[in-house]
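Structure file run27.txt; described as compact mmCIF, C-alpha atoms and all ligand atoms.
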```txt
# COMPACT_ATOMS: atom_id res chain seq x y z
CA MET A 136 6.46 -58.09 53.52
CA ARG A 137 4.13 -55.15 53.73
CA ALA A 138 1.23 -54.96 51.32
CA VAL A 139 2.37 -51.68 49.85
CA PRO A 140 2.76 -51.54 46.09
CA PRO A 141 6.35 -51.18 44.93
CA ALA A 142 7.18 -47.71 43.63
CA LEU A 143 10.78 -48.00 42.60
CA ALA A 144 13.04 -50.83 41.51
CA ILE A 145 16.82 -50.60 41.31
CA LEU A 146 18.39 -53.31 39.18
CA ASP A 147 21.89 -54.33 38.29
CA ASP A 148 22.92 -55.86 34.99
CA ASP A 149 22.50 -59.38 36.39
CA GLY A 150 18.86 -58.72 37.17
CA GLU A 151 19.38 -58.52 40.93
CA GLN A 152 17.05 -55.90 42.29
CA VAL A 153 15.98 -53.92 45.31
CA VAL A 154 12.37 -52.71 45.36
CA LEU A 155 11.19 -49.72 47.39
CA ASP A 156 7.68 -48.64 48.25
CA ALA A 157 6.61 -45.03 47.74
CA GLU A 158 7.53 -43.96 51.26
CA GLU A 159 10.99 -45.50 51.11
CA ALA A 160 11.49 -44.08 47.63
CA ASP A 161 10.61 -40.58 48.83
CA ARG A 162 12.95 -40.94 51.79
CA LEU A 163 15.75 -42.14 49.54
CA PHE A 164 15.37 -39.09 47.30
CA ALA A 165 14.99 -36.71 50.25
CA LEU A 166 18.08 -37.99 52.04
CA THR A 167 20.37 -38.15 49.02
CA ASP A 168 19.50 -34.81 47.45
CA GLY A 169 17.51 -36.47 44.70
CA LEU A 170 20.35 -38.96 44.06
CA ASP A 171 22.02 -36.15 42.13
CA GLY A 172 25.52 -37.23 43.05
CA ALA A 173 25.03 -40.73 41.65
CA THR A 174 22.85 -40.02 38.62
CA VAL A 175 24.52 -40.64 35.27
CA SER A 176 21.47 -39.93 33.13
CA ALA A 177 17.84 -39.47 34.05
CA CYS A 178 14.42 -38.89 32.63
CA PRO A 179 13.39 -35.30 33.40
CA ARG A 180 9.78 -36.31 34.01
CA CYS A 181 10.01 -39.37 36.25
CA ARG A 182 12.46 -41.15 38.49
CA CYS A 183 13.85 -43.54 35.91
CA ARG A 184 17.60 -43.11 35.74
CA ILE A 185 21.00 -44.68 35.42
CA LEU A 186 22.98 -44.64 38.64
CA ALA A 187 26.73 -44.97 39.07
CA ALA A 188 27.18 -47.85 41.49
CA VAL A 189 30.28 -46.48 43.25
CA ALA A 190 28.79 -43.02 43.67
CA LEU A 191 25.57 -44.53 45.01
CA VAL A 192 27.50 -46.33 47.73
CA ASP A 193 29.22 -43.05 48.65
CA LEU A 194 25.89 -41.25 48.76
CA LEU A 195 24.26 -43.90 50.93
CA ASN A 196 27.21 -44.03 53.28
CA GLY A 197 27.02 -40.28 53.70
CA ALA A 198 23.24 -40.18 54.25
CA PRO A 199 21.17 -41.17 57.27
CA ALA A 200 20.40 -44.88 57.11
CA LEU A 201 17.28 -46.04 55.32
CA ALA A 202 15.57 -49.39 55.69
CA ALA A 203 16.88 -50.26 52.26
CA SER A 204 20.39 -48.79 52.59
CA GLY A 205 22.06 -52.11 53.35
CA ALA A 206 20.39 -53.88 50.47
CA LEU A 207 21.18 -51.03 48.08
CA VAL A 208 24.84 -50.90 49.08
CA GLU A 209 25.07 -54.65 48.65
CA LEU A 210 23.43 -54.43 45.22
CA ALA A 211 25.82 -51.67 44.16
CA ASP A 212 28.88 -53.48 45.56
CA ASP A 213 28.00 -56.70 43.77
CA ALA A 214 26.91 -55.09 40.52
CA PRO A 215 28.65 -56.64 37.50
CA THR A 216 28.93 -53.29 35.74
CA LEU A 217 29.44 -49.69 36.84
CA HIS A 218 25.80 -48.82 36.31
CA LEU A 219 22.55 -49.57 38.09
CA TYR A 220 19.16 -49.00 36.51
CA MET A 221 16.32 -47.41 38.42
CA ARG A 222 12.74 -48.00 37.27
CA ASP A 223 9.93 -45.74 38.36
CA LEU A 224 7.15 -48.31 38.73
CA ALA A 225 4.49 -45.80 39.67
CA SER A 226 4.73 -43.55 36.64
CA GLY A 227 3.35 -44.23 33.22
CA CYS A 228 5.99 -41.99 31.72
CA ALA A 229 7.14 -42.82 28.20
CA HIS A 230 10.42 -40.91 28.71
CA ARG A 231 9.95 -38.92 25.52
CA ARG A 232 11.95 -36.05 26.97
CA TRP A 233 14.83 -38.25 28.06
CA LEU A 234 16.92 -37.43 25.02
CA ASP A 235 20.52 -38.13 25.89
CA PRO A 236 22.21 -41.44 24.99
CA GLY A 237 21.69 -42.70 28.53
CA HIS A 238 18.09 -43.37 27.65
CA ASP A 239 19.05 -45.99 25.09
CA GLU A 240 21.36 -47.75 27.52
CA TRP A 241 18.67 -47.68 30.19
CA ALA A 242 15.87 -48.82 27.90
CA GLU A 243 17.92 -51.70 26.51
CA ALA A 244 19.02 -52.86 29.94
CA ILE A 245 15.51 -52.69 31.36
CA ALA A 246 13.92 -54.38 28.35
CA ASP A 247 16.48 -57.15 28.60
CA LEU A 248 16.08 -57.57 32.36
CA VAL A 249 12.31 -57.44 32.36
CA THR A 250 12.14 -60.00 29.57
CA ARG A 251 14.50 -62.25 31.47
CA ARG A 252 12.84 -62.13 34.83
CA GLY A 253 9.25 -61.11 34.13
CA PRO A 254 7.43 -58.09 35.48
CA VAL A 255 8.27 -56.89 38.98
ZN ZN A 301 10.30 -40.92 32.31
```
What does this structure look like when you write it as structure tokens?
Ligand SMILES: [Zn+2]
Amino acid sequence: MRAVPPALAILDDDGEQVVLDAEEADRLFALTDGLDGATVSACPRCRCRILAAVALVDLLNGAPALAASGALVELADDAPTLHLYMRDLASGCAHRRWLDPGHDEWAEAIADLVTRRGPV
């Protein structure tokens, strides 16, 4: 593995995860139009968001391939629920402006997953 700090983690409800470095994360956002088509709910100030697994697969299949595309499609295909949870590891955002109910779902899922598997 490269010695680049992880910037973004995408987790499913089982705690499976794909981690991207900052460059891969930027490419992912650039190539998928900010993941708009797959975003269920998102923090307006960072990249933390809930993604719809099926829509994410569609987005990735329609975008130029990334190093992480295969792993992300696999994660989404195998996800036990319809949602994936993206964590912005590089931001210290407290998500105070993420006001819709998605925030609660995201925060609960992440708290649960992080407790279960330890910090990324
Ligand atoms: Zn945030």
Site check for ligand ZN 301 (chain A): residues at most 12 Å away, only C-alpha atoms and all ligand atoms, as a PDB file with C-alpha atoms, in the coordinates of the input:
```
ATOM      1  CA  SER A 176      21.470 -39.930  33.130  1.00  0.00           C
ATOM      2  CA  ALA A 177      17.840 -39.470  34.050  1.00  0.00           C
ATOM      3  CA  CYS A 178      14.420 -38.890  32.630  1.00  0.00           C
ATOM      4  CA  PRO A 179      13.390 -35.300  33.400  1.00  0.00           C
ATOM      5  CA  ARG A 180       9.780 -36.310  34.010  1.00  0.00           C
ATOM      6  CA  CYS A 181      10.010 -39.370  36.250  1.00  0.00           C
ATOM      7  CA  ARG A 182      12.460 -41.150  38.490  1.00  0.00           C
ATOM      8  CA  CYS A 183      13.850 -43.540  35.910  1.00  0.00           C
ATOM      9  CA  ARG A 184      17.600 -43.110  35.740  1.00  0.00           C
ATOM     10  CA  ILE A 185      21.000 -44.680  35.420  1.00  0.00           C
ATOM     11  CA  MET A 221      16.320 -47.410  38.420  1.00  0.00           C
ATOM     12  CA  ARG A 222      12.740 -48.000  37.270  1.00  0.00           C
ATOM     13  CA  ASP A 223       9.930 -45.740  38.360  1.00  0.00           C
ATOM     14  CA  LEU A 224       7.150 -48.310  38.730  1.00  0.00           C
ATOM     15  CA  ALA A 225       4.490 -45.800  39.670  1.00  0.00           C
ATOM     16  CA  SER A 226       4.730 -43.550  36.640  1.00  0.00           C
ATOM     17  CA  GLY A 227       3.350 -44.230  33.220  1.00  0.00           C
ATOM     18  CA  CYS A 228       5.990 -41.990  31.720  1.00  0.00           C
ATOM     19  CA  ALA A 229       7.140 -42.820  28.200  1.00  0.00           C
ATOM     20  CA  HIS A 230      10.420 -40.910  28.710  1.00  0.00           C
ATOM     21  CA  ARG A 231       9.950 -38.920  25.520  1.00  0.00           C
ATOM     22  CA  ARG A 232      11.950 -36.050  26.970  1.00  0.00           C
ATOM     23  CA  TRP A 233      14.830 -38.250  28.060  1.00  0.00           C
ATOM     24  CA  LEU A 234      16.920 -37.430  25.020  1.00  0.00           C
ATOM     25  CA  HIS A 238      18.090 -43.370  27.650  1.00  0.00           C
ATOM     26  CA  TRP A 241      18.670 -47.680  30.190  1.00  0.00           C
ATOM     27  CA  ALA A 242      15.870 -48.820  27.900  1.00  0.00           C
TER      28      ALA A 242
END
```
Would you mind listing what lies within 8 Å of Ala214 of chain A as a PDB file with C-alpha atoms, in the coordinates of the input, with all atoms listed in the file counted and same-chain residues fewer than 2 positions away left out?
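And here's around01.pdb as it stands now:
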```
ATOM      1  CA  ASP A 147      21.890 -54.330  38.290  1.00  0.00           C
ATOM      2  CA  ASP A 148      22.920 -55.860  34.990  1.00  0.00           C
ATOM      3  CA  ASP A 149      22.500 -59.380  36.390  1.00  0.00           C
ATOM      4  CA  ALA A 188      27.180 -47.850  41.490  1.00  0.00           C
ATOM      5  CA  LEU A 210      23.430 -54.430  45.220  1.00  0.00           C
ATOM      6  CA  ALA A 211      25.820 -51.670  44.160  1.00  0.00           C
ATOM      7  CA  ASP A 212      28.880 -53.480  45.560  1.00  0.00           C
ATOM      8  CA  THR A 216      28.930 -53.290  35.740  1.00  0.00           C
ATOM      9  CA  LEU A 217      29.440 -49.690  36.840  1.00  0.00           C
ATOM     10  CA  HIS A 218      25.800 -48.820  36.310  1.00  0.00           C
ATOM     11  CA  LEU A 219      22.550 -49.570  38.090  1.00  0.00           C
TER      12      LEU A 219
END
```
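Between atom CA of Leu195 of chain A and atom CA of Ile245 of chain A there is a distance of 23.2 Å.
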* Between A:Asp156, A:Asp161, A:Asp213, A:Asp193, single out the one closest to Ala173 of chain A, counting all atoms listed in the file. => A:Asp193
* Asked: Counting all atoms listed in the file, which of A:Pro140, A:Tyr220, A:Glu159, A:Asp168 gets nearest to Val249 of chain A?
  ->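 Result for the nearest residue to Val249 of chain A: A:Tyr220.
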* Atom-to-atom span, atom CA of Leu194 of chain A and atom CA of Thr167 of chain A, Å ->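 The value is 6.3 Å.
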Draw an axis-aligned box over all listed atoms of segment 184-197 of chain A, pad each side with 4 Å, and write its centre and edge lengths in Å, one decimal, as AutoDock Vina command-line options.
```
--center_x 23.9 --center_y -44.1 --center_z 44.6 --size_x 20.7 --size_y 15.6 --size_z 26.3
```
Repaired coordinates for segment 221-249 of chain A (N, CA and C atoms) as a short mmCIF file (atom, residue, chain, number, x, y, z; two decimals), in the coordinates of the input:
```cif
data_model
loop_
_atom_site.label_atom_id
_atom_site.label_comp_id
_atom_site.auth_asym_id
_atom_site.auth_seq_id
_atom_site.Cartn_x
_atom_site.Cartn_y
_atom_site.Cartn_z
N MET A 221 17.48 -47.65 37.56
CA MET A 221 16.32 -47.41 38.42
C MET A 221 15.06 -47.30 37.57
N ARG A 222 14.04 -48.04 37.96
CA ARG A 222 12.74 -48.00 37.27
C ARG A 222 11.71 -47.36 38.16
N ASP A 223 11.05 -46.37 37.66
CA ASP A 223 9.93 -45.74 38.36
C ASP A 223 8.68 -46.56 38.04
N LEU A 224 8.26 -47.38 39.00
CA LEU A 224 7.15 -48.31 38.73
C LEU A 224 5.80 -47.63 38.81
N ALA A 225 5.76 -46.46 39.43
CA ALA A 225 4.49 -45.80 39.67
C ALA A 225 4.11 -44.85 38.54
N SER A 226 5.05 -44.53 37.68
CA SER A 226 4.73 -43.55 36.64
C SER A 226 4.47 -44.25 35.32
N GLY A 227 3.61 -43.69 34.54
CA GLY A 227 3.35 -44.23 33.22
C GLY A 227 4.13 -43.46 32.16
N CYS A 228 5.21 -42.86 32.59
CA CYS A 228 5.99 -41.99 31.72
C CYS A 228 6.58 -42.77 30.55
N ALA A 229 6.57 -42.17 29.38
CA ALA A 229 7.14 -42.82 28.20
C ALA A 229 8.55 -42.30 27.92
N HIS A 230 9.04 -41.42 28.78
CA HIS A 230 10.42 -40.91 28.71
C HIS A 230 10.73 -40.22 27.38
N ARG A 231 9.72 -39.55 26.82
CA ARG A 231 9.95 -38.92 25.52
C ARG A 231 10.90 -37.74 25.62
N ARG A 232 11.05 -37.19 26.83
CA ARG A 232 11.95 -36.05 26.97
C ARG A 232 13.33 -36.45 27.47
N TRP A 233 13.52 -37.75 27.65
CA TRP A 233 14.83 -38.25 28.06
C TRP A 233 15.62 -38.47 26.78
N LEU A 234 16.38 -37.44 26.37
CA LEU A 234 16.92 -37.43 25.02
C LEU A 234 18.39 -37.81 24.92
N ASP A 235 19.10 -37.84 26.05
CA ASP A 235 20.52 -38.13 25.89
C ASP A 235 20.74 -39.64 25.72
N PRO A 236 21.95 -40.03 25.32
CA PRO A 236 22.21 -41.44 24.99
C PRO A 236 21.97 -42.38 26.17
N GLY A 237 21.97 -41.86 27.37
CA GLY A 237 21.69 -42.70 28.53
C GLY A 237 20.35 -43.41 28.42
N HIS A 238 19.40 -42.74 27.77
CA HIS A 238 18.09 -43.37 27.65
C HIS A 238 18.16 -44.70 26.92
N ASP A 239 18.95 -44.75 25.86
CA ASP A 239 19.05 -45.99 25.09
C ASP A 239 19.68 -47.11 25.92
N GLU A 240 20.71 -46.74 26.67
CA GLU A 240 21.36 -47.75 27.52
C GLU A 240 20.36 -48.26 28.56
N TRP A 241 19.64 -47.32 29.16
CA TRP A 241 18.67 -47.68 30.19
C TRP A 241 17.56 -48.55 29.61
N ALA A 242 17.00 -48.12 28.49
CA ALA A 242 15.87 -48.82 27.90
C ALA A 242 16.26 -50.24 27.49
N GLU A 243 17.46 -50.38 26.93
CA GLU A 243 17.92 -51.70 26.51
C GLU A 243 18.13 -52.60 27.72
N ALA A 244 18.76 -52.05 28.75
CA ALA A 244 19.02 -52.86 29.94
C ALA A 244 17.71 -53.29 30.59
N ILE A 245 16.78 -52.37 30.71
CA ILE A 245 15.51 -52.69 31.36
C ILE A 245 14.71 -53.69 30.52
N ALA A 246 14.67 -53.47 29.22
CA ALA A 246 13.92 -54.38 28.35
C ALA A 246 14.49 -55.79 28.49
N ASP A 247 15.80 -55.88 28.49
CA ASP A 247 16.48 -57.15 28.60
C ASP A 247 16.17 -57.81 29.95
N LEU A 248 16.28 -57.02 31.02
CA LEU A 248 16.08 -57.57 32.36
C LEU A 248 14.63 -57.97 32.60
N VAL A 249 13.72 -57.15 32.12
CA VAL A 249 12.31 -57.44 32.36
C VAL A 249 11.89 -58.68 31.57
#
```
